[in-house]
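Okay, run_36.pdb now, which holds PDB, C-alpha atoms and all ligand atoms:
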ATOM      1  CA  MET A   1      92.142 114.397  98.671
ATOM      2  CA  ALA A   2      92.779 110.642  99.009
ATOM      3  CA  ASN A   3      95.524 109.152  96.872
ATOM      4  CA  ALA A   4      95.883 105.374  97.122
ATOM      5  CA  VAL A   5      99.352 105.372  95.548
ATOM      6  CA  PHE A   6     100.694 107.935  98.018
ATOM      7  CA  ASP A   7      99.028 106.099 100.886
ATOM      8  CA  ALA A   8     100.903 102.948  99.899
ATOM      9  CA  ALA A   9     104.190 104.886  99.694
ATOM     10  CA  ARG A  10     103.458 106.521 103.048
ATOM     11  CA  THR A  11     102.593 103.364 104.961
ATOM     12  CA  VAL A  12     104.658 100.586 103.395
ATOM     13  CA  LEU A  13     107.293  99.095 105.689
ATOM     14  CA  ALA A  14     109.838  96.334 105.496
ATOM     15  CA  ILE A  15     108.062  93.197 106.729
ATOM     16  CA  ARG A  16     110.162  90.406 108.189
ATOM     17  CA  GLU A  17     107.593  88.272 110.024
ATOM     18  CA  PHE A  18     104.781  86.572 108.203
ATOM     19  CA  GLU A  19     101.577  84.749 109.058
ATOM     20  CA  ASP A  20     101.502  81.068 108.254
ATOM     21  CA  ARG A  21      98.867  81.602 105.565
ATOM     22  CA  PRO A  22      99.147  81.329 101.797
ATOM     23  CA  VAL A  23      98.828  84.312  99.479
ATOM     24  CA  PRO A  24      96.323  83.497  96.702
ATOM     25  CA  ASP A  25      97.828  82.810  93.288
ATOM     26  CA  GLU A  26      95.780  85.640  91.804
ATOM     27  CA  VAL A  27      97.516  88.100  94.141
ATOM     28  CA  LEU A  28     100.955  86.604  93.482
ATOM     29  CA  HIS A  29     100.299  86.882  89.766
ATOM     30  CA  ARG A  30      99.446  90.561  90.154
ATOM     31  CA  ILE A  31     102.632  91.133  92.153
ATOM     32  CA  VAL A  32     104.841  89.585  89.460
ATOM     33  CA  GLU A  33     102.896  91.471  86.803
ATOM     34  CA  ALA A  34     103.725  94.717  88.609
ATOM     35  CA  GLY A  35     107.401  93.898  88.093
ATOM     36  CA  ARG A  36     106.933  93.029  84.451
ATOM     37  CA  LEU A  37     105.008  96.230  83.770
ATOM     38  CA  SER A  38     107.703  98.493  85.217
ATOM     39  CA  ALA A  39     109.502 101.030  83.080
ATOM     40  CA  SER A  40     113.133 100.470  82.088
ATOM     41  CA  ALA A  41     115.801 102.423  80.223
ATOM     42  CA  ASN A  42     115.099 102.198  76.490
ATOM     43  CA  ASN A  43     112.335  99.787  77.440
ATOM     44  CA  ARG A  44     114.929  96.998  77.488
ATOM     45  CA  GLN A  45     113.220  95.107  80.321
ATOM     46  CA  PRO A  46     116.494  93.446  81.273
ATOM     47  CA  TRP A  47     115.000  91.407  84.098
ATOM     48  CA  HIS A  48     113.785  88.016  85.097
ATOM     49  CA  PHE A  49     111.492  87.203  88.000
ATOM     50  CA  ILE A  50     111.277  83.794  89.641
ATOM     51  CA  LEU A  51     108.248  83.225  91.860
ATOM     52  CA  VAL A  52     109.086  80.689  94.549
ATOM     53  CA  ARG A  53     106.144  79.160  96.418
ATOM     54  CA  GLU A  54     107.468  75.796  97.572
ATOM     55  CA  ARG A  55     108.558  75.587 101.216
ATOM     56  CA  GLU A  56     111.776  73.855 100.240
ATOM     57  CA  GLY A  57     112.699  76.691  97.869
ATOM     58  CA  LEU A  58     111.802  79.325 100.467
ATOM     59  CA  ARG A  59     113.952  77.585 103.071
ATOM     60  CA  LYS A  60     116.776  77.426 100.582
ATOM     61  CA  LEU A  61     116.497  81.180  99.939
ATOM     62  CA  GLY A  62     116.459  81.840 103.686
ATOM     63  CA  SER A  63     119.716  79.971 104.018
ATOM     64  CA  LEU A  64     121.389  81.488 100.952
ATOM     65  CA  VAL A  65     120.638  85.166 101.714
ATOM     66  CA  ARG A  66     122.472  85.980 104.937
ATOM     67  CA  THR A  67     120.477  89.180 105.554
ATOM     68  CA  GLY A  68     117.092  87.579 104.856
ATOM     69  CA  PRO A  69     116.807  84.316 106.799
ATOM     70  CA  TYR A  70     113.116  85.043 107.398
ATOM     71  CA  THR A  71     112.292  84.256 103.769
ATOM     72  CA  ALA A  72     112.178  80.662 105.031
ATOM     73  CA  GLY A  73     108.888  81.551 106.766
ATOM     74  CA  ALA A  74     107.327  83.604 103.972
ATOM     75  CA  ALA A  75     104.365  82.464 101.886
ATOM     76  CA  ALA A  76     106.296  83.090  98.671
ATOM     77  CA  ALA A  77     109.249  85.031  97.346
ATOM     78  CA  VAL A  78     110.298  86.690  94.113
ATOM     79  CA  ILE A  79     113.897  86.400  92.980
ATOM     80  CA  VAL A  80     114.724  89.461  90.881
ATOM     81  CA  ALA A  81     117.596  89.189  88.418
ATOM     82  CA  TYR A  82     118.916  91.468  85.684
ATOM     83  CA  VAL A  83     121.099  91.023  82.620
ATOM     84  CA  LYS A  84     124.618  91.996  83.702
ATOM     85  CA  ALA A  85     125.559  93.353  80.258
ATOM     86  CA  ASN A  86     123.073  96.191  80.727
ATOM     87  CA  GLY A  87     125.153  97.525  83.625
ATOM     88  CA  GLN A  88     124.001 100.380  85.844
ATOM     89  CA  TYR A  89     120.831 100.926  83.852
ATOM     90  CA  ALA A  90     119.757  97.387  84.571
ATOM     91  CA  VAL A  91     120.371  97.858  88.298
ATOM     92  CA  SER A  92     118.120 100.896  88.182
ATOM     93  CA  ASP A  93     115.492  99.078  86.104
ATOM     94  CA  ALA A  94     115.406  96.087  88.420
ATOM     95  CA  SER A  95     115.233  98.372  91.474
ATOM     96  CA  ARG A  96     112.239 100.105  90.001
ATOM     97  CA  ALA A  97     110.572  96.743  89.347
ATOM     98  CA  ILE A  98     111.235  95.752  92.962
ATOM     99  CA  GLN A  99     109.554  98.927  94.210
ATOM    100  CA  SER A 100     106.515  98.169  92.021
ATOM    101  CA  ILE A 101     106.428  94.647  93.437
ATOM    102  CA  VAL A 102     106.676  95.877  97.032
ATOM    103  CA  LEU A 103     103.978  98.556  96.606
ATOM    104  CA  THR A 104     101.586  96.282  94.702
ATOM    105  CA  ALA A 105     101.968  93.613  97.371
ATOM    106  CA  TRP A 106     101.281  96.226 100.043
ATOM    107  CA  GLY A 107      98.152  97.312  98.187
ATOM    108  CA  ASP A 108      96.907  93.742  98.598
ATOM    109  CA  GLY A 109      97.783  93.674 102.292
ATOM    110  CA  VAL A 110     100.862  91.565 101.590
ATOM    111  CA  GLY A 111     104.085  92.502 103.347
ATOM    112  CA  SER A 112     107.469  92.154 101.699
ATOM    113  CA  ASN A 113     110.984  93.433 101.785
ATOM    114  CA  TRP A 114     114.129  93.740  99.698
ATOM    115  CA  THR A 115     116.713  91.239 100.911
ATOM    116  CA  GLY A 116     120.248  90.840  99.616
ATOM    117  CA  PHE A 117     121.909  92.974  97.001
ATOM    118  CA  ILE A 118     125.380  91.819  96.080
ATOM    119  CA  GLY A 119     126.867  88.366  96.462
ATOM    120  CA  LEU A 120     123.728  86.491  95.403
ATOM    121  CA  GLU A 121     125.596  84.309  92.933
ATOM    122  CA  ASN A 122     124.610  81.272  94.987
ATOM    123  CA  VAL A 123     120.916  82.119  94.452
ATOM    124  CA  ARG A 124     121.483  82.508  90.705
ATOM    125  CA  ARG A 125     123.085  79.084  90.440
ATOM    126  CA  GLU A 126     120.683  77.289  92.762
ATOM    127  CA  PHE A 127     117.618  78.554  90.892
ATOM    128  CA  GLY A 128     118.966  77.891  87.413
ATOM    129  CA  LEU A 129     119.455  81.441  86.127
ATOM    130  CA  PRO A 130     121.935  81.565  83.231
ATOM    131  CA  ASP A 131     125.346  83.143  83.775
ATOM    132  CA  GLU A 132     124.337  86.344  81.956
ATOM    133  CA  TYR A 133     122.183  87.324  84.968
ATOM    134  CA  ASP A 134     122.967  88.807  88.368
ATOM    135  CA  VAL A 135     120.456  88.417  91.189
ATOM    136  CA  ILE A 136     119.785  91.803  92.784
ATOM    137  CA  ALA A 137     117.190  90.870  95.389
ATOM    138  CA  VAL A 138     115.067  88.222  96.971
ATOM    139  CA  VAL A 139     111.671  89.653  97.956
ATOM    140  CA  PRO A 140     109.805  87.538 100.520
ATOM    141  CA  LEU A 141     106.022  87.899 100.501
ATOM    142  CA  GLY A 142     103.381  87.156 103.102
ATOM    143  CA  TYR A 143     100.699  88.589 105.325
ATOM    144  CA  PRO A 144     102.390  90.563 108.129
ATOM    145  CA  ARG A 145     102.315  88.772 111.454
ATOM    146  CA  ARG A 146     101.909  92.062 113.318
ATOM    147  CA  LYS A 147     100.163  95.317 112.600
ATOM    148  CA  VAL A 148     103.004  97.641 111.659
ATOM    149  CA  VAL A 149     101.332 100.700 110.179
ATOM    150  CA  GLY A 150     102.650 104.122 111.220
ATOM    151  CA  LYS A 151     106.178 103.271 112.314
ATOM    152  CA  LYS A 152     108.148 104.712 109.421
ATOM    153  CA  LYS A 153     111.353 106.503 110.459
ATOM    154  CA  ARG A 154     112.627 109.011 107.922
ATOM    155  CA  LYS A 155     114.699 112.185 107.894
ATOM    156  CA  PRO A 156     112.573 115.352 107.903
ATOM    157  CA  LEU A 157     111.661 116.811 104.508
ATOM    158  CA  ALA A 158     113.709 119.970 105.183
ATOM    159  CA  GLU A 159     116.845 117.855 105.491
ATOM    160  CA  VAL A 160     116.468 116.013 102.207
ATOM    161  CA  ALA A 161     114.661 118.429  99.881
ATOM    162  CA  SER A 162     115.152 122.038  98.704
ATOM    163  CA  ALA A 163     113.205 124.515  96.611
ATOM    164  CA  ALA A 164     114.739 125.627  93.298
ATOM    165  CA  ARG A 165     118.336 125.304  94.515
ATOM    166  CA  TYR A 166     120.179 123.238  97.105
ATOM    167  CA  GLY A 167     119.786 124.692 100.562
ATOM    168  CA  THR A 168     116.708 126.853  99.913
ATOM    169  CA  PRO A 169     114.026 125.698 102.339
ATOM    170  CA  LEU A 170     111.146 123.947 100.621
ATOM    171  CA  LYS A 171     107.784 125.309 101.665
ATOM    172  CA  VAL A 172     104.799 123.395 100.300
TER
HETATM  173  C1  LIG A 201     118.516  98.247  98.451
HETATM  174  C2  LIG A 201     117.941  97.713  99.739
HETATM  175  C3  LIG A 201     118.506  96.595 100.328
HETATM  176  C4  LIG A 201     117.978  96.077 101.510
HETATM  177  N1  LIG A 201     118.494  94.932 102.021
HETATM  178  C5  LIG A 201     117.911  94.367 103.110
HETATM  179  C6  LIG A 201     118.350  93.095 103.566
HETATM  180  O1  LIG A 201     119.253  92.471 103.002
HETATM  181  N2  LIG A 201     117.730  92.564 104.649
HETATM  182  C7  LIG A 201     116.708  93.209 105.293
HETATM  183  O2  LIG A 201     116.173  92.659 106.263
HETATM  184  N3  LIG A 201     116.275  94.423 104.877
HETATM  185  C8  LIG A 201     116.840  95.004 103.801
HETATM  186  N4  LIG A 201     116.372  96.206 103.319
HETATM  187  C9  LIG A 201     115.260  96.900 104.026
HETATM  188  C10 LIG A 201     115.719  98.183 104.742
HETATM  189  O3  LIG A 201     116.568  97.845 105.819
HETATM  190  C11 LIG A 201     114.483  98.943 105.234
HETATM  191  O4  LIG A 201     113.656  99.249 104.144
HETATM  192  C12 LIG A 201     114.895 100.226 105.948
HETATM  193  O5  LIG A 201     115.550  99.904 107.143
HETATM  194  C13 LIG A 201     113.723 101.116 106.287
HETATM  195  O6  LIG A 201     112.753 100.407 106.990
HETATM  196  P1  LIG A 201     111.227 100.494 106.512
HETATM  197  O7  LIG A 201     111.188 100.088 105.062
HETATM  198  O8  LIG A 201     110.475  99.511 107.394
HETATM  199  O9  LIG A 201     110.767 101.892 106.714
HETATM  200  C14 LIG A 201     116.876  96.723 102.144
HETATM  201  C15 LIG A 201     116.320  97.852 101.526
HETATM  202  C16 LIG A 201     116.813  98.324 100.353
HETATM  203  C17 LIG A 201     116.137  99.526  99.690
END
Could you take the file, read its structure, and then write that structure out as structure tokens?
Amino acid sequence: MANAVFDAARTVLAIREFEDRPVPDEVLHRIVEAGRLSASANNRQPWHFILVREREGLRKLGSLVRTGPYTAGAAAAVIVAYVKANGQYAVSDASRAIQSIVLTAWGDGVGSNWTGFIGLENVRREFGLPDEYDVIAVVPLGYPRRKVVGKKKRKPLAEVASAARYGTPLKV
């Protein structure tokens, strides 16, 4: 039986090359909404999302995030930040929001990726986020330049899952 959510989880890939074509505002709005609608511990919603669409801002992000220079060529990007005081929970909450963003984008044919993780203080300052926040990711967005479906590399299920107790083979 078809399951659109599973299909997105099954096919989504990290996209690092984008077409030179804008993503409609309606789609970008939906992508940010997906972050906002995510669940968080105690429903604290300790996050802030900055949607960057201007080429200058995208170039700046590409230069600030060492492991994501390709954001410079994306159609847009979302900076995801969380309130530091909420500690590990906030990291988990923001990560969940990022996954919602990535999957919702994919559902609209928009490729993305998680770039950066620690050491994004320069992004926080440059984009005006108050000191109480840490930036956890910059997520570039854009239509994939190449067809990439079906290339996912993952460990086999038997290696990463058990039935009932660790080490019992899972048969489903
Ligand atoms: C927490 C996290 C941090 C990541 N950081 C980067 C990054 O800084 N730069 C990058 O190009 N990819 C980054 N990635 C993408 C992973 O490298 C990628 O998802 C992984 O290699 C699997 O590839 P796939 O998603 O295409 O299957 C990150 C992914 C996660 C979940």
For this session: Just say which residues the PyMOL selection byres (((not hetatm)) within 7 of (chain A and resi 201)) picks in this file, as number ranges by chain.
Result: A: 12-16, 67-68, 113-117, 152-153
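Using all atoms listed in the file, the smallest distance between any of A:Ser63, A:Thr11, A:Asn3, A:Ser100 and Val123 of chain A comes from A:Ser63.
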Find the residues near segment 127-135 of chain A: any atom within 10 Å, counting only C-alpha atoms, skip ones fewer than 4 places away on the same chain, and give them as a short mmCIF file (atom, residue, chain, number, x, y, z; two decimals) with C-alpha atoms, in the coordinates of the input.
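Contents of selection-v7.cif, as written:
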data_model
loop_
_atom_site.label_atom_id
_atom_site.label_comp_id
_atom_site.auth_asym_id
_atom_site.auth_seq_id
_atom_site.Cartn_x
_atom_site.Cartn_y
_atom_site.Cartn_z
CA PRO A 46 116.49 93.45 81.27
CA TRP A 47 115.00 91.41 84.10
CA HIS A 48 113.78 88.02 85.10
CA PHE A 49 111.49 87.20 88.00
CA ILE A 50 111.28 83.79 89.64
CA VAL A 52 109.09 80.69 94.55
CA GLY A 57 112.70 76.69 97.87
CA LYS A 60 116.78 77.43 100.58
CA LEU A 61 116.50 81.18 99.94
CA ILE A 79 113.90 86.40 92.98
CA VAL A 80 114.72 89.46 90.88
CA ALA A 81 117.60 89.19 88.42
CA TYR A 82 118.92 91.47 85.68
CA VAL A 83 121.10 91.02 82.62
CA LYS A 84 124.62 92.00 83.70
CA ALA A 85 125.56 93.35 80.26
CA ASN A 86 123.07 96.19 80.73
CA ALA A 90 119.76 97.39 84.57
CA VAL A 91 120.37 97.86 88.30
CA ALA A 94 115.41 96.09 88.42
CA GLY A 116 120.25 90.84 99.62
CA PHE A 117 121.91 92.97 97.00
CA ILE A 118 125.38 91.82 96.08
CA GLY A 119 126.87 88.37 96.46
CA LEU A 120 123.73 86.49 95.40
CA GLU A 121 125.60 84.31 92.93
CA ASN A 122 124.61 81.27 94.99
CA VAL A 123 120.92 82.12 94.45
#
Exercise. Atom CA of Leu51 of chain A to atom CA of Arg30 of chain A: how many Å, to one decimal?
Worked result: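 It comes out at 11.6 Å.
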For this session: Choose the residue, out of A:Ala97, A:Ala75, A:Val172, A:Val138, that has the smallest atom-to-atom separation from Glu17 of chain A; count only C-alpha atoms.
Result: A:Ala75
Exercise. When you draw a straight line from atom CA of Ala137 of chain A to atom CA of Thr71 of chain A, how long is it in Å?
Worked result: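 We find that atom CA of Ala137 of chain A and atom CA of Thr71 of chain A lie 11.7 Å from each other.
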Problem set entry | Gap from atom CA of Asp7 of chain A to atom CA of Ser92 of chain A - Å, one decimal | 23.5 Å
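Distances here use only C-alpha atoms; by that measure, the residue among A:Lys171, A:Leu141, A:Ala39, A:Ala105 closest to Leu58 of chain A is A:Leu141.
Of the listed residues (A:Ala9, A:Ser95, A:Leu64, A:Glu33), A:Leu64 comes nearest to Arg125 of chain A; the distances count only C-alpha atoms.
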Seminar exercise, completed: Min atom-atom distance to Val27 of chain A from the set A:Ala76, A:Pro169, A:Ile136, A:Lys151, counting all atoms listed in the file, belongs to A:Ala76
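Across A:Ala72, A:Ala158, A:Ala4, A:Val32, the tightest approach to Gln99 of chain A is made by A:Val32 when counting all atoms listed in the file.
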Once you add 6 Å to each side, what are the centre and edge lengths of the axis-aligned box holding all listed atoms of segment 142-158 of chain A? One decimal in Å, as AutoDock Vina command-line options, if you can.
--center_x 107.4 --center_y 103.6 --center_z 108.2 --size_x 26.5 --size_y 44.8 --size_z 22.2
